[in-house]
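These notes are about the structure you will find just below.
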Amino acid sequence: MYKNIAKQEKLNLKDLVDYQEGQVVSKTLVQNDVVSMTIFSFDKGEEISTHASGGDAMVTVLEGKGRFTVGGEVFFLEEGETLVMPKDVPHAVYGEEAFKMQLVVSF
(Lines give C-alpha, C1' and ligand atoms only; values in the text may rest on other atoms or scores of the structure.)
Protein backbone atom coordinates (compact mmCIF):
# COMPACT_ATOMS: atom_id res chain seq x y z
CA MET A 1 0.00 0.00 0.00
CA TYR A 2 1.27 3.46 -0.87
CA LYS A 3 1.98 6.01 1.85
CA ASN A 4 3.32 9.58 1.90
CA ILE A 5 1.85 10.20 -1.56
CA ALA A 6 -1.40 11.63 -2.90
CA LYS A 7 -3.77 9.23 -4.65
CA GLN A 8 -5.92 9.98 -7.69
CA GLU A 9 -3.77 13.02 -8.39
CA LYS A 10 -1.26 13.78 -11.13
CA LEU A 11 2.24 13.87 -9.59
CA ASN A 12 5.84 14.53 -10.53
CA LEU A 13 7.93 12.14 -8.43
CA LYS A 14 10.93 14.49 -8.24
CA ASP A 15 8.73 17.03 -6.45
CA LEU A 16 8.04 14.62 -3.57
CA VAL A 17 11.42 15.18 -1.91
CA ASP A 18 13.43 18.39 -1.49
CA TYR A 19 17.18 18.91 -1.46
CA GLN A 20 18.82 19.65 1.88
CA GLU A 21 22.34 21.00 2.08
CA GLY A 22 24.88 18.33 3.00
CA GLN A 23 22.32 15.55 3.19
CA VAL A 24 20.71 12.57 1.54
CA VAL A 25 16.94 12.82 1.99
CA SER A 26 14.50 9.94 1.44
CA LYS A 27 10.76 9.43 1.39
CA THR A 28 9.38 5.89 1.46
CA LEU A 29 6.32 5.36 -0.71
CA VAL A 30 5.90 1.57 -0.37
CA GLN A 31 7.45 -0.93 2.04
CA ASN A 32 6.34 -4.54 2.33
CA ASP A 33 7.67 -8.11 1.95
CA VAL A 34 7.55 -7.95 -1.86
CA VAL A 35 8.57 -4.43 -2.88
CA SER A 36 10.05 -1.22 -1.53
CA MET A 37 9.80 2.13 -3.33
CA THR A 38 11.66 5.22 -2.13
CA ILE A 39 12.39 8.66 -3.59
CA PHE A 40 15.79 10.16 -2.72
CA SER A 41 17.53 13.51 -3.08
CA PHE A 42 21.32 13.76 -2.80
CA ASP A 43 23.14 17.03 -2.31
CA LYS A 44 26.28 17.31 -4.44
CA GLY A 45 29.04 15.21 -2.91
CA GLU A 46 26.74 13.20 -0.64
CA GLU A 47 26.66 9.42 -0.81
CA ILE A 48 25.31 6.14 0.42
CA SER A 49 28.34 3.94 1.09
CA THR A 50 28.84 0.43 -0.25
CA HIS A 51 26.18 -2.05 0.82
CA ALA A 52 24.19 -4.95 -0.66
CA SER A 53 20.45 -5.37 -1.00
CA GLY A 54 18.30 -8.42 -0.30
CA GLY A 55 16.50 -7.88 -3.61
CA ASP A 56 17.11 -6.52 -7.10
CA ALA A 57 17.30 -2.72 -6.84
CA MET A 58 16.20 -0.60 -9.81
CA VAL A 59 17.11 3.09 -9.77
CA THR A 60 15.81 5.77 -12.13
CA VAL A 61 17.35 9.23 -12.00
CA LEU A 62 14.62 11.89 -11.89
CA GLU A 63 16.86 14.97 -11.96
CA GLY A 64 20.60 15.74 -12.03
CA LYS A 65 23.44 13.22 -12.25
CA GLY A 66 24.54 10.40 -9.96
CA ARG A 67 27.38 7.90 -9.88
CA PHE A 68 26.53 4.29 -9.13
CA THR A 69 29.23 1.74 -8.37
CA VAL A 70 27.93 -1.81 -8.73
CA GLY A 71 30.23 -4.77 -8.16
CA GLY A 72 33.20 -2.48 -8.81
CA GLU A 73 31.82 -1.15 -12.12
CA VAL A 74 30.99 2.59 -12.32
CA PHE A 75 27.87 3.97 -14.05
CA PHE A 76 26.94 7.64 -14.46
CA LEU A 77 23.19 8.15 -14.78
CA GLU A 78 21.29 11.29 -15.72
CA GLU A 79 17.61 12.22 -15.80
CA GLY A 80 15.48 9.46 -17.31
CA GLU A 81 18.16 6.76 -17.14
CA THR A 82 17.68 3.51 -15.21
CA LEU A 83 20.01 0.87 -13.79
CA VAL A 84 19.27 -2.45 -12.09
CA MET A 85 21.63 -3.42 -9.29
CA PRO A 86 21.40 -7.18 -8.71
CA LYS A 87 20.53 -8.74 -5.37
CA ASP A 88 23.54 -9.32 -3.07
CA VAL A 89 25.97 -7.37 -5.32
CA PRO A 90 27.71 -4.56 -3.36
CA HIS A 91 26.83 -1.09 -4.62
CA ALA A 92 27.20 2.58 -3.65
CA VAL A 93 25.59 5.85 -4.77
CA TYR A 94 27.27 9.27 -5.02
CA GLY A 95 25.95 12.70 -5.99
CA GLU A 96 28.12 13.92 -8.87
CA GLU A 97 25.84 16.94 -8.63
CA ALA A 98 22.62 17.41 -6.69
CA PHE A 99 20.27 14.73 -7.99
CA LYS A 100 17.05 12.86 -7.28
CA MET A 101 16.24 9.23 -7.92
CA GLN A 102 13.51 6.66 -7.51
CA LEU A 103 14.53 3.32 -6.00
CA VAL A 104 12.40 0.22 -6.43
CA VAL A 105 13.59 -2.96 -4.72
CA SER A 106 11.80 -6.23 -5.51
CA PHE A 107 12.35 -9.08 -3.08
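Each chain of the C-alpha coordinates is named A, B, ... in the order shown, its residues numbered from 1; ligands are numbered from 1 in display order.
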Compile the contact shell of Pro86 of chain A as a VMD selection string: residues with an atom at most 8 Å away, counting only C-alpha atoms, same-chain residues fewer than 4 positions apart removed.
chain A and resid 53 55 to 57
From a DSSP pass on the backbone, collect the residues of segment 44-76 of chain A flagged as strand (DSSP E) and hand them back as a count of residues only.
23
Write out as a VMD selection string which residues come within 12 Å of Asn12 of chain A when counting only C-alpha atoms, dropping same-chain ones fewer than 5 positions away.
chain A and resid 5 to 6 17 39 62 to 63 100 to 102
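Closest approach to Ser36 of chain A among A:Ala92, A:Met1, A:Leu11, A:Leu16: A:Met1, based on only C-alpha atoms.
Candidate residues A:Gly95, A:Gly22, A:Gly80, A:Gly45 were compared for distance to Arg67 of chain A, and the nearest is A:Gly95, using only C-alpha atoms.
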